[in-house]
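Q: Below is the structure I would like to discuss, written out as structure tokens.
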Amino acid sequence: MHDLARQLDDASRRSFLQYAAKTALGVTLLPPAFLGAAPGDPNKPVLVPTKKASADAVIFLYMRGGMSQIDTFDPKTDGETKGSTRPVATKADDLQFSNLLPKLGDQAKDISVIRSMTTRTGAHSQASYVMHTGYRQRPGSTHPQLGSWAQHFLGKSDPVLPSSVVISGGNPGPGFLPPDHSPLPIGDPNKGIKDLLPNIEKERMDKRVNLARQFASAFEYYFPHEDVKAYSDFYQQTIKFLSSDASEPFDISKEPQNLRSQYGNHSFGQGCILARRLVEKGVRYVEVKSRRNWDSMHGGTRQLNSLADELDGSVSALMTDLRDRGMLERTMVVVTSEFGRTSKVKGNGGRDHHPNGFSCMLAGGGIKGGQAIGATNEKGREPEPKLEPKDFHATIATAMGMNVEKRFHPKGGGRPSFVGGRGKPIMELLV
């Protein structure tokens, strides 16, 4: 063991430990985001928030591909701009939505919209990164998602369950925070974690766990490196997770079929009901990524109606379900995308990328409903005031009780960092 371990550099040790875990336990549970994670601060996280949290949990719904704000939350009447949609009144006096979102319109008193979001990039990958972290991408570094930041500042949300989960798609993960701050990735919400759990008898599993523990302890003894220690902690948490009745919260088959149908019999809808189930069981932060693509640049409006119907039905069902269970007041629901779409409608009915002026929706825990923050002009341009992803992140983080002014210094050097890029919380949104 000693001779073998001495031959490995830091990166090789991390890869070696991951391989050992997979081989010994027969699982693929450890998030791939760990592979690129740098060592985090070994000190204990700040467990006491500086502001009383008004949101215990966040369900972050990500519309992949660039959702058109004009066809959803910032509709227009200008003939050249409005396209195939039109603004209609909602149950909130000062808020209009597109006619494609009637169910969300009925719940508008609990919903607020930011209409003057702006970002500096119109490229999908880079813009998605900014919307997930608040930071622009930089070569050689990654930044944490909000769920990982929350675990750092607020501690774990449950002794066994992960503090954050990502459904149907990846996000930047823990960034420079320790690997045990990684979100648990779920591919298919209908399967939950069934594909991740070892398909072996308990007695054999226990033998593998004991052997793996001995192996990891010896490795850590010879190499007390912070990165190895961080992985070892994550590894022990994974064993604890596998040794418990972990699959039950992830099993949406236990939900009534009529309720599952209300959410929508598609991946996004079933991801939303899984998110509600996980939050109810103690997970603090859940992201659900739409598998369908909102990119209308080439496809035009052929799929707009069905995309909007999916969004309208699933999110309204989620809000209703949370409200019926007494959870909406403490659970924030967020709908966002990497950027918006231009006011000009192309010949095929589609719209180009538009990072300068798009919309995000927030509802539930911590949010004052029934209002629009910011605006664009009749052409969907000139957002005022310009609000950036870092302000969006600071708002959510503040509602969760995180200190957005507290510096974080990555171990081993690097720039001091803040939650979401040290933006300014949009206080008009918060209760």
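In the structure tokens, the first chain shown is A, the next is B, and so on; residue numbers restart at 1 for each chain, and ligands run from 1 in the order shown.
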Give the strand (DSSP E) residues of segment 61-117 of chain A, as assigned by DSSP on the backbone, as a list in words.

A: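 Selecting the strand (DSSP E) positions of segment 61-117 of chain A gives Leu61, Tyr62, Pro87, Val88, Ala89, Gln96, Phe97, Ser98, Ile111, Ser112, Val113, Ile114, Arg115, Ser116 and Met117 of chain A.
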
Q: So that I can see what lies close to segment 142-146 of chain A, please list as a VMD selection string the residues with an atom at most 9 Å from it, counting only C-alpha atoms and leaving out residues fewer than 3 positions away in the same chain.

A: chain A and resid 36 to 38 129 132 to 135 137 to 139 149 to 151 164 171 to 177 181 to 183 285 393 396 to 397 417 419 to 420

Q: Expressed in Å to a single decimal, how great is the separation between atom CA of Asp321 of chain A and atom CA of Ala246 of chain A?

A: 23.2 Å

Q: One decimal, Å: what's the distance from atom CA of Leu61 of chain A over to atom CA of Val335 of chain A, could you say?

A: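 It comes out at 4.8 Å.
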
Q: Please list as JSON, numbers by chain every residue within 9 Å of Gly170 of chain A, counting only C-alpha atoms and excluding residues in the same chain fewer than 2 positions away.

A: {"A": [33, 166, 167, 168, 172, 173, 185, 289]}

Q: Only C-alpha atoms, please: the residues just picked out, written as a PDB file, in the first residue's frame.

A:
```pdb
ATOM      1  CA  ALA A  33     -18.082  16.873 -10.617  1.00  0.00           C
ATOM      2  CA  VAL A 166     -29.636  17.737  -9.767  1.00  0.00           C
ATOM      3  CA  ILE A 167     -32.268  16.000 -11.918  1.00  0.00           C
ATOM      4  CA  SER A 168     -32.005  15.388 -15.674  1.00  0.00           C
ATOM      5  CA  PRO A 172     -21.026  23.052 -12.226  1.00  0.00           C
ATOM      6  CA  GLY A 173     -21.220  21.100  -8.963  1.00  0.00           C
ATOM      7  CA  PRO A 185     -27.004  13.603  -9.996  1.00  0.00           C
ATOM      8  CA  LYS A 289     -33.432  20.671 -15.906  1.00  0.00           C
TER       9      LYS A 289
END
```

Q: Counting only C-alpha atoms, what is within 8 Å of Val333 of chain A, bar same-chain residues fewer than 5 positions away, as an MDAnalysis selection string?

A: chainID A and resid 58:61 319 362:365

Q: Would you kindly return, as number ranges by chain, each protein, DNA or RNA residue with an atom no farther than 10 Å from any atom of Asn190 of chain A, considering only C-alpha atoms and excluding same-chain residues fewer than 6 positions away?

A: A: 250-253, 266-267, 270-271, 274

Q: Restricted to N, CA and C atoms, what would the selected residues look like written as a PDB file, in the first residue's frame?

A:
```pdb
ATOM      1  N   PHE A 250     -36.458   8.870  -3.098  1.00  0.00           N
ATOM      2  CA  PHE A 250     -36.230   9.040  -4.532  1.00  0.00           C
ATOM      3  C   PHE A 250     -37.220   8.236  -5.387  1.00  0.00           C
ATOM      4  N   ASP A 251     -38.162   7.561  -4.759  1.00  0.00           N
ATOM      5  CA  ASP A 251     -39.073   6.653  -5.453  1.00  0.00           C
ATOM      6  C   ASP A 251     -40.424   7.328  -5.668  1.00  0.00           C
ATOM      7  N   ILE A 252     -40.626   7.912  -6.854  1.00  0.00           N
ATOM      8  CA  ILE A 252     -41.884   8.618  -7.102  1.00  0.00           C
ATOM      9  C   ILE A 252     -43.039   7.666  -7.404  1.00  0.00           C
ATOM     10  N   SER A 253     -42.760   6.370  -7.525  1.00  0.00           N
ATOM     11  CA  SER A 253     -43.854   5.404  -7.722  1.00  0.00           C
ATOM     12  C   SER A 253     -44.747   5.339  -6.487  1.00  0.00           C
ATOM     13  N   HIS A 266     -44.195  13.412 -18.379  1.00  0.00           N
ATOM     14  CA  HIS A 266     -42.958  13.648 -19.133  1.00  0.00           C
ATOM     15  C   HIS A 266     -41.843  13.873 -18.125  1.00  0.00           C
ATOM     16  N   SER A 267     -40.625  13.885 -18.597  1.00  0.00           N
ATOM     17  CA  SER A 267     -39.467  13.947 -17.702  1.00  0.00           C
ATOM     18  C   SER A 267     -39.479  15.180 -16.809  1.00  0.00           C
ATOM     19  N   GLN A 270     -42.242  14.839 -14.050  1.00  0.00           N
ATOM     20  CA  GLN A 270     -41.880  13.838 -13.045  1.00  0.00           C
ATOM     21  C   GLN A 270     -40.661  14.289 -12.243  1.00  0.00           C
ATOM     22  N   GLY A 271     -39.796  15.083 -12.871  1.00  0.00           N
ATOM     23  CA  GLY A 271     -38.688  15.670 -12.124  1.00  0.00           C
ATOM     24  C   GLY A 271     -39.175  16.658 -11.078  1.00  0.00           C
ATOM     25  N   LEU A 274     -40.545  14.714  -8.122  1.00  0.00           N
ATOM     26  CA  LEU A 274     -39.424  14.180  -7.362  1.00  0.00           C
ATOM     27  C   LEU A 274     -38.769  15.290  -6.537  1.00  0.00           C
TER      28      LEU A 274
END
```

Q: Quick one: pull the distance between atom CA of Tyr263 of chain A and atom CA of Pro102 of chain A, Å, one decimal.

A: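 Atom CA of Pro102 of chain A lies at a distance of 15.3 Å from atom CA of Tyr263 of chain A.
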
Q: Find the spatial neighbours of Leu318 of chain A, counting only C-alpha atoms, within a cut-off of 10 Å - ignore same-chain residues fewer than 6 positions away - and output them as an NGL selection string.

A: :A and (59 or 262-263 or 269 or 272-273 or 275-276 or 324 or 328 or 333)

Q: Residues as selected, N, CA and C atoms, written as a PDB file, in the first residue's frame, can you do that?

A:
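Result file follows (selection30.pdb):
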```pdb
ATOM      1  N   ILE A  59     -36.293  25.019  -5.116  1.00  0.00           N
ATOM      2  CA  ILE A  59     -36.448  24.158  -6.291  1.00  0.00           C
ATOM      3  C   ILE A  59     -36.160  25.026  -7.506  1.00  0.00           C
ATOM      4  N   GLN A 262     -51.055  14.974 -12.862  1.00  0.00           N
ATOM      5  CA  GLN A 262     -51.238  16.422 -12.807  1.00  0.00           C
ATOM      6  C   GLN A 262     -49.925  17.153 -13.095  1.00  0.00           C
ATOM      7  N   TYR A 263     -48.826  16.590 -12.682  1.00  0.00           N
ATOM      8  CA  TYR A 263     -47.515  17.185 -12.941  1.00  0.00           C
ATOM      9  C   TYR A 263     -47.119  17.059 -14.416  1.00  0.00           C
ATOM     10  N   GLY A 269     -42.053  17.075 -15.785  1.00  0.00           N
ATOM     11  CA  GLY A 269     -43.103  16.985 -14.779  1.00  0.00           C
ATOM     12  C   GLY A 269     -42.768  16.005 -13.675  1.00  0.00           C
ATOM     13  N   CYS A 272     -40.240  17.399 -11.403  1.00  0.00           N
ATOM     14  CA  CYS A 272     -40.805  18.355 -10.446  1.00  0.00           C
ATOM     15  C   CYS A 272     -41.419  17.651  -9.245  1.00  0.00           C
ATOM     16  N   ILE A 273     -42.122  16.543  -9.465  1.00  0.00           N
ATOM     17  CA  ILE A 273     -42.712  15.838  -8.319  1.00  0.00           C
ATOM     18  C   ILE A 273     -41.620  15.176  -7.478  1.00  0.00           C
ATOM     19  N   ALA A 275     -38.662  16.489  -7.103  1.00  0.00           N
ATOM     20  CA  ALA A 275     -38.093  17.617  -6.363  1.00  0.00           C
ATOM     21  C   ALA A 275     -38.921  17.921  -5.131  1.00  0.00           C
ATOM     22  N   ARG A 276     -40.241  17.965  -5.284  1.00  0.00           N
ATOM     23  CA  ARG A 276     -41.101  18.216  -4.122  1.00  0.00           C
ATOM     24  C   ARG A 276     -40.930  17.139  -3.066  1.00  0.00           C
ATOM     25  N   ASP A 324     -50.725  22.967  -0.862  1.00  0.00           N
ATOM     26  CA  ASP A 324     -51.631  22.037  -0.182  1.00  0.00           C
ATOM     27  C   ASP A 324     -50.958  21.347   1.000  1.00  0.00           C
ATOM     28  N   LEU A 328     -45.268  25.756   0.631  1.00  0.00           N
ATOM     29  CA  LEU A 328     -44.917  26.818  -0.313  1.00  0.00           C
ATOM     30  C   LEU A 328     -44.336  28.036   0.399  1.00  0.00           C
ATOM     31  N   VAL A 333     -39.584  28.524  -5.386  1.00  0.00           N
ATOM     32  CA  VAL A 333     -39.602  27.917  -6.715  1.00  0.00           C
ATOM     33  C   VAL A 333     -39.064  28.942  -7.707  1.00  0.00           C
TER      34      VAL A 333
END
```

Q: Given only C-alpha atoms as the basis, pick out the residue of A:Pro87, A:Pro410, A:Gly347, A:Pro385 nearest to Ser296 of chain A.

A: A:Gly347

Q: Compile the contact shell of segment 421-429 of chain A as a PyMOL selection string: residues with an atom at most 6 Å away, counting only C-alpha atoms, same-chain residues fewer than 4 positions apart removed.

A: chain A and resi 134-135+367-368+390-391+394-395

Q: Which one of A:Pro355, A:Glu329, A:Met400, A:Ala372 sits closest to Thr121 of chain A if you count only C-alpha atoms?

A: A:Pro355

Q: Mind listing the alpha helix (DSSP H) residues of segment 286-401 of chain A, per DSSP on the backbone, as a PyMOL selection string?

A: chain A and resi 304-324+389-400
